[in-house]
file query14.csv (CSV, C-alpha atoms)
chain,number,residue,atom,x,y,z
A,152,MET,CA,13.3,9.7,-14.5
A,153,PRO,CA,14.5,10.0,-10.8
A,154,LYS,CA,15.2,6.9,-8.8
A,155,GLN,CA,12.5,5.9,-6.3
A,156,ALA,CA,14.7,6.8,-3.4
A,157,GLU,CA,15.0,10.3,-4.7
A,158,LEU,CA,11.3,11.0,-4.9
A,159,GLU,CA,10.3,14.3,-3.2
A,160,LEU,CA,7.9,13.8,-0.3
A,161,LYS,CA,5.2,16.2,-1.2
A,162,LYS,CA,1.5,15.6,-1.8
A,163,ASN,CA,0.3,15.7,-5.4
A,164,GLU,CA,-2.3,13.7,-7.4
A,165,HIS,CA,-0.2,10.5,-7.3
A,166,VAL,CA,1.8,10.7,-4.0
A,167,TRP,CA,0.8,11.5,-0.4
A,168,PRO,CA,3.5,11.3,2.4
A,169,ILE,CA,2.4,9.5,5.5
A,170,ASN,CA,4.1,9.7,8.9
A,171,PHE,CA,3.5,6.8,11.2
A,172,ARG,CA,4.9,4.8,14.1
A,173,LEU,CA,5.5,1.1,14.3
A,174,GLN,CA,4.6,0.0,17.8
A,175,ALA,CA,5.6,-3.4,19.2
A,176,GLU,CA,3.9,-5.1,22.1
A,177,GLU,CA,5.4,-8.1,23.8
A,178,ARG,CA,3.0,-11.1,23.9
A,179,GLN,CA,3.5,-14.4,25.6
A,180,VAL,CA,2.7,-17.4,23.4
A,181,GLY,CA,3.2,-20.6,25.4
A,182,ARG,CA,6.7,-20.5,26.7
A,183,TRP,CA,7.9,-18.0,24.1
A,184,THR,CA,7.7,-14.2,23.9
A,185,THR,CA,6.8,-12.6,20.6
A,186,TYR,CA,6.0,-9.2,19.4
A,187,ALA,CA,2.6,-8.0,18.0
A,188,TRP,CA,3.1,-5.0,15.7
A,189,THR,CA,0.7,-2.2,15.0
A,190,ILE,CA,0.6,1.1,13.1
A,191,GLU,CA,0.1,4.1,15.4
A,192,ASP,CA,0.1,7.9,15.2
A,193,ILE,CA,-0.8,8.4,11.5
A,194,CYS,CA,-0.1,11.9,10.3
A,195,LEU,CA,-0.9,13.0,6.8
A,196,TYR,CA,1.1,15.7,5.2
A,197,GLU,CA,-0.6,18.0,2.7
A,198,GLU,CA,2.1,20.6,2.5
A,199,ASP,CA,5.4,20.3,0.6
A,200,LEU,CA,8.3,18.7,2.6
A,201,THR,CA,11.9,19.6,2.1
A,202,SER,CA,13.1,16.1,2.4
A,203,ASN,CA,14.2,14.3,-0.8
A,204,MET,CA,14.1,10.8,0.8
A,205,GLU,CA,11.5,8.1,0.1
A,206,ILE,CA,11.8,6.6,3.6
A,207,SER,CA,12.8,8.8,6.5
A,208,ASN,CA,13.5,7.0,9.8
A,209,ILE,CA,12.7,9.8,12.2
A,210,GLY,CA,13.7,7.8,15.3
A,211,SER,CA,12.1,5.5,17.9
A,212,GLY,CA,10.0,3.6,15.4
A,213,ASN,CA,8.7,6.7,13.5
A,214,TYR,CA,8.7,6.6,9.7
A,215,MET,CA,7.7,8.7,6.8
A,216,MET,CA,6.8,7.0,3.5
A,217,PRO,CA,4.8,8.0,0.4
A,218,LEU,CA,1.5,6.3,-0.5
A,219,GLU,CA,1.8,6.3,-4.3
A,220,LEU,CA,-1.1,5.6,-6.7
A,221,PHE,CA,-0.5,4.0,-10.0
A,222,ARG,CA,-2.9,4.0,-13.0
A,223,ASP,CA,-2.5,0.2,-13.6
A,224,GLU,CA,-3.8,-0.5,-10.1
A,225,ARG,CA,-7.1,1.5,-10.4
A,226,MET,CA,-9.2,-1.6,-10.4
A,227,GLU,CA,-7.7,-2.7,-7.0
A,228,TYR,CA,-8.2,0.8,-5.6
A,229,ARG,CA,-11.9,0.7,-6.6
A,230,PHE,CA,-12.3,-2.8,-5.1
A,231,ASN,CA,-10.7,-1.6,-1.8
A,232,LEU,CA,-12.7,1.6,-1.6
A,233,ASN,CA,-16.0,-0.3,-2.3
A,234,SER,CA,-15.2,-2.8,0.5
A,235,GLN,CA,-17.0,-2.5,3.9
A,236,SER,CA,-13.7,-1.4,5.5
A,237,PRO,CA,-11.1,0.0,3.1
A,238,HIS,CA,-7.5,-0.5,4.2
A,239,LEU,CA,-4.0,0.8,3.7
A,240,PHE,CA,-1.3,-1.9,3.7
A,241,PHE,CA,2.2,-1.4,5.2
A,242,ILE,CA,4.7,-4.0,4.0
A,243,CYS,CA,7.6,-4.4,6.4
A,244,ALA,CA,10.8,-6.4,6.4
A,245,GLU,CA,12.1,-7.9,9.7
A,246,GLU,CA,15.7,-7.0,10.7
A,247,ASN,CA,17.0,-8.1,14.1
A,248,GLU,CA,13.6,-8.5,15.6
A,249,GLN,CA,12.6,-5.0,14.4
A,250,LEU,CA,10.3,-4.1,11.5
A,251,LYS,CA,11.4,-1.7,8.8
A,252,PRO,CA,8.7,-0.4,6.4
A,253,VAL,CA,9.3,-1.2,2.7
A,254,LEU,CA,6.1,0.0,1.0
A,255,VAL,CA,2.7,1.5,1.7
A,256,THR,CA,-0.1,0.6,-0.7
A,257,ALA,CA,-3.8,0.7,-1.1
A,258,ALA,CA,-3.8,-2.3,-3.5
A,259,GLN,CA,-4.7,-5.5,-1.8
A,260,GLY,CA,-3.2,-7.6,-4.6
A,261,VAL,CA,0.2,-5.9,-4.1
A,262,ALA,CA,0.1,-6.5,-0.4
A,263,ALA,CA,-0.9,-10.2,-0.9
A,264,ARG,CA,2.2,-10.8,-3.1
A,265,TYR,CA,4.4,-9.7,-0.2
A,266,MET,CA,2.6,-12.0,2.3
A,267,ASP,CA,4.0,-15.1,0.5
A,268,GLY,CA,7.6,-13.9,1.2
A,269,ASP,CA,9.5,-13.0,4.3
A,270,TYR,CA,7.6,-9.8,4.9
A,271,VAL,CA,5.1,-8.7,7.5
A,272,VAL,CA,2.0,-6.9,6.2
A,273,LEU,CA,0.2,-4.6,8.6
A,274,HIS,CA,-3.0,-2.7,7.8
A,275,ILE,CA,-5.1,0.2,9.0
A,276,GLU,CA,-8.4,1.6,7.9
A,277,ILE,CA,-7.9,4.3,5.2
A,278,PRO,CA,-8.3,7.8,6.6
A,279,LEU,CA,-11.3,9.6,5.0
A,280,ALA,CA,-9.0,12.3,3.6
A,281,ILE,CA,-7.0,9.6,1.7
A,282,GLN,CA,-10.3,7.9,0.5
A,283,ALA,CA,-11.4,11.2,-1.0
A,284,TRP,CA,-8.0,11.7,-2.6
A,285,MET,CA,-8.1,8.2,-4.1
A,286,GLU,CA,-11.7,8.9,-5.4
A,287,ALA,CA,-10.4,12.1,-7.1
A,288,PHE,CA,-7.5,10.1,-8.6
A,289,LEU,CA,-10.0,7.6,-10.1
A,290,GLY,CA,-12.2,10.4,-11.3
A,291,ARG,CA,-9.2,12.0,-13.2
A,292,HIS,CA,-7.9,8.9,-14.7
A,293,GLY,CA,-11.1,6.9,-15.2
A,294,GLU,CA,-12.0,3.5,-13.9
A,295,LEU,CA,-10.1,0.4,-15.1
A,296,PHE,CA,-12.3,-2.6,-15.5
A,297,GLU,CA,-11.3,-6.2,-16.3
A,298,PHE,CA,-13.2,-7.7,-19.1
A,299,LYS,CA,-13.3,-11.5,-19.5
A,300,ARG,CA,-14.2,-13.1,-22.8
A,301,LYS,CA,-16.8,-15.8,-23.0
A,302,ARG,CA,-15.4,-19.1,-23.9
A,303,GLY,CA,-16.9,-21.1,-26.8
A,304,GLY,CA,-18.4,-18.1,-28.6
A,305,ASP,CA,-16.1,-18.2,-31.6
A,306,LYS,CA,-15.3,-21.8,-32.7
A,307,LYS,CA,-12.8,-20.7,-35.4
A,308,LYS,CA,-10.2,-19.4,-33.0
A,309,GLY,CA,-8.0,-21.3,-30.5
A,310,ARG,CA,-5.5,-24.0,-30.3
A,311,SER,CA,-7.9,-26.9,-30.4
A,312,SER,CA,-9.7,-25.7,-33.6
A,313,GLY,CA,-7.1,-27.1,-35.9
A,314,ASN,CA,-6.8,-23.8,-37.9
call {"tool": "encode", "arguments": {"input": "query14.csv", "output": "structure tokens"}}
result
Amino acid sequence: MPKQAELELKKNEHVWPINFRLQAEERQVGRWTTYAWTIEDICLYEEDLTSNMEISNIGSGNYMMPLELFRDERMEYRFNLNSQSPHLFFICAEENEQLKPVLVTAAQGVAARYMDGDYVVLHIEIPLAIQAWMEAFLGRHGELFEFKRKRGGDKKKGRSSGN
């Protein structure tokens, strides 16, 4: 299996390369100056790309990263697509007051895990073409539903039953 950094950037049923720009805008907060970051100039590649890099820093804040779908995250994709405003999440690490993208995901739970660390999570609305692609992925691989068992139904099993 190839390393993640060696993945080819070409659209298929699991991967869609996305080109985007990280844009910083200076903001005054009290006496301090800070940056507000946004995702701009989204470009979706449907044709094969010759690059064999996972992350391509194209220059001046432009990046190319794959949005990769995983079968074990299907429930999160469905939840996101069914929301009033579905989002793509861009996880970025801060280096010398600049952001560098680490991951693009459509799973809110994955993005939430990064929010607890030293990462910045930016988001945009999912373009309609990607929403349709995600729906096709869910159609091919089926829906993944979480089933919760009712407690107290079977009194013979469990730690407190003494069995």
call {"tool": "atom_distance", "arguments": {"input": "query14.csv", "atom1": "CA of Ala258 in chain A", "atom2": "CA of Leu220 in chain A"}}
result
8.9 Å
call {"tool": "residues_around", "arguments": {"input": "query14.csv", "residues": "Ile193 in chain A", "least_positions_apart": "5", "cutoff": "12 Å", "atoms": "only C-alpha atoms", "output": "PyMOL selection string"}}
result
chain A and resi 168-174+213-216+239+274-278+281
call {"tool": "residues_around", "arguments": {"input": "query14.csv", "residues": "Glu219 in chain A", "least_positions_apart": "2", "cutoff": "10 Å", "atoms": "only C-alpha atoms", "output": "MDAnalysis selection string"}}
result
chainID A and resid 162:168 216:217 221 254:257
call {"tool": "residues_around", "arguments": {"input": "query14.csv", "residues": "Asn233 in chain A", "least_positions_apart": "3", "cutoff": "12 Å", "atoms": "only C-alpha atoms", "output": "ChimeraX atom specification"}}
result
/A:226-230,236-238,277,282,285-286
call {"tool": "atom_distance", "arguments": {"input": "query14.csv", "atom1": "CA of Ala283 in chain A", "atom2": "CA of Asp223 in chain A"}}
result
18.9 Å
call {"tool": "closest_residue", "arguments": {"input": "query14.csv", "among": "A:Glu246, A:Glu224, A:Leu289, A:Asn231", "to": "Tyr270 in chain A", "atoms": "all atoms listed in the file"}}
result
A:Glu246
